[in-house]
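**Q** Input final_12.txt, format and content: compact mmCIF, C-alpha atoms.
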```txt
# COMPACT_ATOMS: atom_id res chain seq x y z
CA MET A 10 108.72 105.73 77.40
CA THR A 11 106.12 103.60 75.69
CA GLY A 12 105.96 99.84 75.87
CA SER A 13 107.21 99.47 72.29
CA GLU A 14 110.36 101.51 73.05
CA VAL A 15 111.81 99.48 75.91
CA PRO A 16 115.55 99.03 75.13
CA HIS A 17 117.54 95.89 75.83
CA SER A 18 119.81 97.50 78.42
CA PHE A 19 121.22 100.70 79.88
CA ARG A 20 124.99 101.18 79.53
CA LEU A 21 126.75 103.01 82.33
CA ALA A 22 130.41 104.01 82.03
CA TYR A 23 132.57 104.71 85.08
CA VAL A 24 136.15 105.81 85.67
CA PRO A 25 138.55 104.19 88.18
CA GLY A 26 137.86 105.14 91.78
CA VAL A 27 134.09 105.47 91.33
CA THR A 28 131.96 102.72 92.87
CA PRO A 29 128.52 102.65 91.18
CA SER A 30 127.20 99.57 93.00
CA LYS A 31 124.68 101.47 95.16
CA TRP A 32 123.00 103.09 92.16
CA VAL A 33 123.09 99.86 90.15
CA ARG A 34 121.28 98.05 92.96
CA ILE A 35 118.51 100.67 93.04
CA TRP A 36 118.21 100.50 89.24
CA ASN A 37 117.77 96.72 89.33
CA GLU A 38 115.05 97.05 91.96
CA ARG A 39 113.10 99.68 90.03
CA LEU A 40 113.66 98.53 86.44
CA PRO A 41 114.19 94.77 86.59
CA ASP A 42 113.23 94.40 82.91
CA VAL A 43 116.00 96.75 81.74
CA PRO A 44 119.45 95.29 82.57
CA LEU A 45 122.19 97.77 83.42
CA THR A 46 125.56 97.07 81.81
CA LEU A 47 128.71 98.58 83.37
CA VAL A 48 131.46 99.88 81.08
CA ALA A 49 134.85 100.51 82.73
CA VAL A 50 136.72 103.39 81.04
CA SER A 51 139.87 105.40 81.73
CA PRO A 52 139.52 109.09 82.65
CA ILE A 53 141.03 110.07 79.31
CA GLU A 54 138.62 108.07 77.15
CA ALA A 55 135.44 108.53 79.24
CA CYS A 56 134.04 111.54 77.33
CA GLY A 57 134.90 109.99 73.97
CA VAL A 58 132.98 106.83 74.89
CA LEU A 59 129.89 108.91 75.70
CA ARG A 60 130.13 110.91 72.47
CA ALA A 61 130.56 107.74 70.40
CA GLY A 62 127.49 106.11 71.94
CA GLY A 63 129.48 103.49 73.81
CA ALA A 64 127.49 104.31 76.95
CA ASP A 65 124.22 106.07 77.71
CA ALA A 66 125.69 107.91 80.71
CA GLY A 67 128.82 107.76 82.80
CA PHE A 68 130.56 108.73 86.00
CA VAL A 69 133.47 110.95 84.94
CA ARG A 70 135.93 113.34 86.51
CA LEU A 71 135.49 117.04 85.82
CA PRO A 72 136.13 119.08 83.80
CA VAL A 73 134.20 117.95 80.73
CA ASP A 74 133.33 119.84 77.56
CA ARG A 75 129.87 121.29 78.20
CA ASP A 76 129.32 122.10 74.52
CA ASP A 77 127.92 118.65 73.81
CA LEU A 78 127.91 116.90 77.20
CA SER A 79 125.67 117.52 80.18
CA ALA A 80 127.13 116.99 83.64
CA ILE A 81 125.77 116.95 87.19
CA PRO A 82 128.55 117.36 89.81
CA LEU A 83 128.08 114.78 92.57
CA TYR A 84 130.91 115.06 95.07
CA THR A 85 134.46 116.32 95.61
CA GLU A 86 137.27 114.03 96.71
CA THR A 87 140.16 114.67 99.06
CA THR A 88 143.55 114.74 97.33
CA VAL A 89 146.32 112.66 98.91
CA VAL A 90 149.98 111.85 98.36
CA VAL A 91 150.93 108.17 98.13
CA VAL A 92 154.29 107.31 99.74
CA PRO A 93 156.13 104.24 101.09
CA LYS A 94 155.27 103.45 104.71
CA ASP A 95 158.79 104.31 105.87
CA HIS A 96 158.76 107.74 104.16
CA LEU A 97 159.06 110.90 106.28
CA VAL A 98 155.66 112.08 105.04
CA ALA A 99 154.04 109.05 106.70
CA ALA A 100 154.82 110.58 110.11
CA ALA A 101 152.60 113.61 109.41
CA GLU A 102 148.80 113.81 109.53
CA GLU A 103 148.65 116.24 106.61
CA VAL A 104 151.18 117.85 104.24
CA SER A 105 151.31 120.74 101.77
CA THR A 106 152.74 120.93 98.29
CA GLU A 107 155.76 122.77 99.76
CA ASP A 108 156.54 119.68 101.81
CA LEU A 109 156.93 117.81 98.52
CA ALA A 110 159.31 120.35 96.95
CA ASP A 111 162.33 118.04 97.14
CA GLU A 112 160.43 114.91 96.04
CA ILE A 113 160.06 113.44 92.57
CA VAL A 114 156.30 113.70 92.03
CA PHE A 115 154.91 111.51 89.27
CA HIS A 116 152.39 112.99 86.85
CA PRO A 117 150.80 110.08 84.95
CA LEU A 118 149.17 110.62 81.58
CA ASP A 119 145.75 109.73 82.98
CA ASP A 120 145.97 112.32 85.79
CA THR A 121 142.81 114.45 86.03
CA LEU A 122 143.86 116.93 88.74
CA ASP A 123 143.72 120.49 87.45
CA TRP A 124 147.20 121.67 88.40
CA GLU A 125 148.25 125.29 87.94
CA GLN A 126 151.77 124.30 88.86
CA LEU A 127 152.96 120.77 89.45
CA PRO A 128 154.53 120.18 92.86
CA GLY A 129 157.98 118.71 93.47
CA LYS A 130 160.47 117.67 90.83
CA PRO A 131 159.29 116.11 87.55
CA ALA A 132 160.22 112.56 86.65
CA ILE A 133 162.37 111.90 83.58
CA GLU A 134 159.38 110.26 81.92
CA ARG A 135 155.67 110.45 82.72
CA PRO A 136 154.09 107.10 83.64
CA GLU A 137 151.35 106.05 81.26
CA THR A 138 148.81 105.20 83.96
CA THR A 139 148.21 105.73 87.66
CA ALA A 140 148.79 102.01 88.21
CA ASP A 141 152.27 102.34 86.64
CA ALA A 142 153.03 105.31 88.89
CA ILE A 143 152.01 103.31 91.97
CA GLU A 144 154.58 100.65 91.04
CA LEU A 145 157.28 103.31 90.86
CA VAL A 146 156.29 104.70 94.27
CA ALA A 147 156.53 101.18 95.74
CA ALA A 148 160.04 100.94 94.27
CA GLY A 149 161.03 104.08 96.16
CA VAL A 150 161.57 106.22 93.07
CA GLY A 151 159.14 109.04 93.92
CA VAL A 152 155.68 109.92 95.23
CA LEU A 153 152.25 110.32 93.62
CA VAL A 154 149.43 112.82 94.26
CA VAL A 155 145.97 111.45 93.40
CA PRO A 156 142.32 111.53 94.50
CA GLN A 157 141.81 109.47 97.65
CA SER A 158 139.62 106.89 95.91
CA LEU A 159 142.50 106.01 93.56
CA ALA A 160 144.87 105.61 96.50
CA ARG A 161 142.39 103.14 97.98
CA LEU A 162 141.87 101.40 94.65
CA HIS A 163 145.62 100.78 94.29
CA HIS A 164 146.21 99.98 97.95
CA ARG A 165 149.34 98.05 98.83
CA LYS A 166 150.61 96.88 102.21
CA ASP A 167 153.92 98.68 101.72
CA LEU A 168 152.31 102.04 100.84
CA THR A 169 150.26 104.64 102.69
CA TYR A 170 148.85 108.09 101.93
CA ARG A 171 148.29 111.48 103.57
CA PRO A 172 146.02 114.43 102.65
CA VAL A 173 147.57 117.33 100.75
CA SER A 174 145.99 120.53 102.07
CA ASP A 175 146.56 122.86 99.10
CA ALA A 176 146.35 120.45 96.16
CA PRO A 177 143.50 120.77 93.63
CA ALA A 178 140.54 118.52 94.38
CA SER A 179 138.93 116.06 92.00
CA ARG A 180 135.19 116.34 91.33
CA VAL A 181 133.11 113.40 90.14
CA ALA A 182 130.06 114.01 87.96
CA LEU A 183 127.35 112.11 86.10
CA SER A 184 127.59 112.99 82.41
CA TRP A 185 125.73 112.12 79.21
CA PRO A 186 125.37 113.50 75.63
CA GLN A 187 123.05 116.49 75.63
CA GLU A 188 121.14 115.29 72.58
CA GLU A 189 120.62 111.84 74.10
CA THR A 190 118.71 112.74 77.26
CA THR A 191 116.42 109.73 77.00
CA ASP A 192 113.77 108.57 79.46
CA LEU A 193 116.22 106.00 80.83
CA VAL A 194 118.85 108.68 81.35
CA GLU A 195 116.23 110.67 83.27
CA GLU A 196 115.46 107.59 85.34
CA PHE A 197 119.12 107.18 86.26
CA ILE A 198 119.48 110.88 87.06
CA GLY A 199 116.56 110.51 89.45
CA ILE A 200 118.21 107.54 91.15
CA VAL A 201 121.50 109.38 91.57
CA ARG A 202 119.73 112.45 92.95
CA GLY A 203 117.82 110.34 95.45
CA ARG A 204 114.34 110.62 94.00
CA THR A 205 111.88 108.08 95.33
CA VAL A 206 110.12 105.62 93.08
CA ASN A 207 106.96 107.76 93.14
CA SER A 208 108.72 111.02 92.28
CA THR A 209 107.96 112.77 89.01
CA ARG A 210 110.63 113.94 86.56
CA GLY A 211 110.27 117.66 86.06
CA ARG A 212 106.57 117.69 86.80
CA THR A 213 105.04 119.48 89.74
CA PRO A 214 102.98 117.02 91.77
CA THR A 215 99.29 117.83 92.15
CA PRO A 216 98.72 119.36 95.58
CA PRO A 217 96.22 117.56 97.84
CA GLN A 218 92.71 118.94 97.57
CA PRO A 219 91.05 120.22 100.78
CA LYS A 220 88.25 118.10 102.14
CA ALA A 221 84.73 119.44 101.66
CA LYS A 222 83.21 120.74 104.86
CA ARG A 223 80.04 119.07 106.10
CA LYS A 224 77.06 121.43 106.10
CA ARG A 225 75.33 121.86 109.43
CA PRO A 226 71.55 122.38 109.66
CA ASP A 227 70.47 125.95 110.23
CA ALA A 228 69.75 126.74 113.89
CA GLY A 229 67.06 129.27 113.02
CA THR A 230 64.02 129.16 110.81
CA GLY A 231 64.58 127.47 107.50
CA GLY A 232 63.33 128.88 104.27
CA GLY A 233 60.75 127.28 102.07
CA GLY A 234 57.89 125.58 103.82
CA GLY A 235 58.33 125.92 107.59
CA GLY A 236 60.65 126.26 110.54
CA GLY A 237 64.05 124.63 110.62
CA ALA A 238 64.93 121.82 113.04
CA GLN A 239 65.69 123.06 116.56
CA ARG A 240 68.95 122.05 118.20
CA LYS A 241 68.49 119.79 121.25
CA SER A 242 70.27 120.23 124.55
CA GLY A 243 72.27 117.53 126.29
CA THR A 244 69.22 116.39 128.37
CA GLY A 245 67.02 115.76 125.38
CA LYS A 246 65.06 119.01 125.78
CA SER A 247 64.50 121.39 122.94
CA ALA A 248 65.73 124.96 122.97
CA ALA A 249 62.11 126.13 123.63
CA GLY A 250 61.94 124.23 126.95
CA LYS A 251 59.75 121.37 125.70
CA SER A 252 60.61 117.72 125.32
CA ALA A 253 60.90 116.06 121.99
CA SER A 254 57.31 114.77 122.34
CA GLY A 255 55.93 118.30 122.63
CA LYS A 256 54.85 117.96 126.31
CA PRO A 257 56.07 120.38 128.99
CA ALA A 258 59.47 119.36 130.22
CA GLY A 259 58.98 120.45 133.84
CA LYS A 260 57.22 117.28 135.19
CA SER A 261 57.22 113.63 134.38
CA PRO A 262 53.92 111.87 133.64
CA ARG A 263 53.85 110.43 137.21
CA GLY A 264 54.88 113.59 139.04
CA ALA A 265 58.38 112.29 139.79
CA SER A 266 61.48 113.96 138.41
CA GLY A 267 62.60 111.13 136.25
CA GLY A 268 63.17 108.44 138.95
CA PRO A 269 62.15 104.84 138.28
CA LYS A 270 58.78 103.41 139.36
CA GLY A 271 58.71 102.60 143.03
CA GLY A 272 61.57 104.96 143.83
CA LYS A 273 61.60 108.36 145.43
CA GLY A 274 61.20 111.62 143.61
CA ALA A 275 63.69 114.42 143.54
CA LYS A 276 62.29 115.92 146.80
CA GLY A 277 62.04 112.72 148.84
CA GLY A 278 58.35 112.00 148.09
CA LYS A 279 57.17 108.43 148.30
CA GLY A 280 57.05 106.59 145.07
CA GLY A 281 54.74 103.87 143.78
CA ARG A 282 51.62 106.02 143.66
CA PRO A 283 50.99 109.08 141.59
CA GLY A 284 50.65 112.23 143.61
CA ARG A 285 47.22 113.75 143.96
CA ARG A 286 46.36 116.68 141.86
CA PRO A 287 44.80 119.66 143.65
```
Using the file provided, produce a representation of the structure as structure tokens.

**A**
Amino acid sequence: MTGSEVPHSFRLAYVPGVTPSKWVRIWNERLPDVPLTLVAVSPIEACGVLRAGGADAGFVRLPVDRDDLSAIPLYTETTVVVVPKDHLVAAAEEVSTEDLADEIVFHPLDDTLDWEQLPGKPAIERPETTADAIELVAAGVGVLVVPQSLARLHHRKDLTYRPVSDAPASRVALSWPQEETTDLVEEFIGIVRGRTVNSTRGRTPTPPQPKAKRKRPDAGTGGGGGGGAQRKSGTGKSAAGKSASGKPAGKSPRGASGGPKGGKGAKGGKGGRPGRRP
């Protein structure tokens, strides 16, 4: 994205039950010059909003039409049944759809669970929204099976919920129009997938180059114009048994074995005077 193409904002749609605050916070930290605008949509209208350009990307519930929309599944929710607190189901830790066979189970028009066969007994009329169905459950008319996040969203003190072991699960995905995979959409995909600020998008990072090894001087004779430098031992003597000054390394100039002036030599001789030469 070049500097002349910076848009005014990034529009993010989301369906009820999805909480995008974590990703919005990261976006604001990384792209403070590009405001992110949230667009609340119902599950039914979410894909239409994306196709119409009402949002650049959105958190939706699967399935979506993959012919023109891309989607990255993010997580799967537990499905629960919402009941009054004094209902028999509230005494169990978990129920099955068979346990709901004698119950009126509401199926609102905005339901996104992929049922092969609806549990329980159908209501005379389908509620228009999940919120409407919650009101009917609170009135003791029936029960409602929804993703857990929606049960939390519509929490009431007089209602509770329990997991349904064999109900279809709801999957949440990030979706966007295939032909509108802009740089900002890629940025948001990276945030949702947990990429760091220094990560690349689809590019393989350059591997670190190995450090060049330092060349050591040859221990033997060098080529060109003479012998190579000889390696010295830990006592300062050369490998040929001579000191660095070229004198024999066996004796010190005063006949001592390296002791200070006035001290004793290595064999207990008196110091201070040079020994006589034969």

**Q** Which residue gives the smallest distance to A:Ala176 among A:Asp65, A:Glu188, A:Glu107, A:Asp42, with only C-alpha atoms counted?

**A**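 For A:Ala176, the nearest of the given residues is A:Glu107.
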
**Q** So what do you get for atom CA of A:Ser51 versus atom CA of A:Leu109, distance-wise?

**A** 27.0 Å

**Q** Choose the residue, out of A:Leu47, A:His17, A:Phe115, A:Ile81, that has the smallest atom-to-atom separation from A:Ser30; count all atoms listed in the file.

**A**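 Of all the options, A:Leu47 lies closest to A:Ser30.
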
**Q** Which is closer to A:Arg161 than all the others in A:Ala140, A:Val50, A:Ala148, A:Val104, using all atoms listed in the file?

**A** A:Ala140

**Q** Using all atoms listed in the file for the distances, tell me which of A:Leu183, A:Ala61, A:Ser18, A:Leu78 is nearest to A:Gly199.

**A**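 Nearest candidate to A:Gly199 out of A:Leu183, A:Ala61, A:Ser18, A:Leu78: A:Leu183.
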
**Q** Anything within 12 Å of (148.5, 110.7, 79.0): list those residues as a PyMOL selection string, counting only C-alpha atoms and sticking to the file's coordinates.

**A** chain A and resi 51-54+116-121+134-139+141

**Q** Between atom CA of A:Pro25 and atom CA of A:Pro186, what is the distance in Å, rounded to a tenth?

**A** 20.4 Å

**Q** Calculate how many Å separate atom CA of A:Phe68 from atom CA of A:Pro44, rounding to one decimal.

**A** 17.8 Å

**Q** Considering all atoms listed in the file, return as a tab-separated table (two decimals) with C-alpha atoms, in the coordinates of the input whatever protein or nucleic-acid residues lie within 10 Å of A:Ile113, sequence-local ones (same chain, fewer than 3 positions apart) excluded.

**A**
```
chain	number	residue	atom	x	y	z
A	109	LEU	CA	156.93	117.81	98.52
A	110	ALA	CA	159.31	120.35	96.95
A	116	HIS	CA	152.39	112.99	86.85
A	128	PRO	CA	154.53	120.18	92.86
A	129	GLY	CA	157.98	118.71	93.47
A	130	LYS	CA	160.47	117.67	90.83
A	131	PRO	CA	159.29	116.11	87.55
A	132	ALA	CA	160.22	112.56	86.65
A	133	ILE	CA	162.37	111.90	83.58
A	146	VAL	CA	156.29	104.70	94.27
A	150	VAL	CA	161.57	106.22	93.07
A	151	GLY	CA	159.14	109.04	93.92
A	152	VAL	CA	155.68	109.92	95.23
A	153	LEU	CA	152.25	110.32	93.62
```

**Q** Would you kindly return, as a ChimeraX atom specification, each protein, DNA or RNA residue with an atom no farther than 12 Å from any atom of A:Tyr170, considering only C-alpha atoms and excluding same-chain residues fewer than 4 positions away?

**A** /A:87-104,143,146,152-161,163-166

**Q** Could you tell me which of A:Thr46, A:Thr28, A:Gln187, A:Val206 comes closest to A:Asp76 if we count only C-alpha atoms?

**A**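 So, comparing all the options, the nearest one is A:Gln187.
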
**Q** Find the residues near A:Phe19: any atom within 12 Å, counting only C-alpha atoms, skip ones fewer than 6 places away on the same chain, and give them as an mmCIF file with C-alpha atoms, in the frame of the given file.

**A**
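Contents of result_22.cif, as written:
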```cif
data_model
loop_
_atom_site.group_PDB
_atom_site.id
_atom_site.type_symbol
_atom_site.label_atom_id
_atom_site.label_comp_id
_atom_site.auth_asym_id
_atom_site.auth_seq_id
_atom_site.Cartn_x
_atom_site.Cartn_y
_atom_site.Cartn_z
ATOM 1 C CA VAL A 33 123.090 99.860 90.150
ATOM 2 C CA TRP A 36 118.210 100.500 89.240
ATOM 3 C CA ASN A 37 117.770 96.720 89.330
ATOM 4 C CA LEU A 40 113.660 98.530 86.440
ATOM 5 C CA PRO A 41 114.190 94.770 86.590
ATOM 6 C CA ASP A 42 113.230 94.400 82.910
ATOM 7 C CA VAL A 43 116.000 96.750 81.740
ATOM 8 C CA PRO A 44 119.450 95.290 82.570
ATOM 9 C CA LEU A 45 122.190 97.770 83.420
ATOM 10 C CA THR A 46 125.560 97.070 81.810
ATOM 11 C CA LEU A 47 128.710 98.580 83.370
ATOM 12 C CA VAL A 48 131.460 99.880 81.080
ATOM 13 C CA GLY A 62 127.490 106.110 71.940
ATOM 14 C CA GLY A 63 129.480 103.490 73.810
ATOM 15 C CA ALA A 64 127.490 104.310 76.950
ATOM 16 C CA ASP A 65 124.220 106.070 77.710
ATOM 17 C CA ALA A 66 125.690 107.910 80.710
ATOM 18 C CA GLY A 67 128.820 107.760 82.800
ATOM 19 C CA THR A 191 116.420 109.730 77.000
ATOM 20 C CA ASP A 192 113.770 108.570 79.460
ATOM 21 C CA LEU A 193 116.220 106.000 80.830
ATOM 22 C CA VAL A 194 118.850 108.680 81.350
ATOM 23 C CA GLU A 195 116.230 110.670 83.270
ATOM 24 C CA GLU A 196 115.460 107.590 85.340
ATOM 25 C CA PHE A 197 119.120 107.180 86.260
#
```
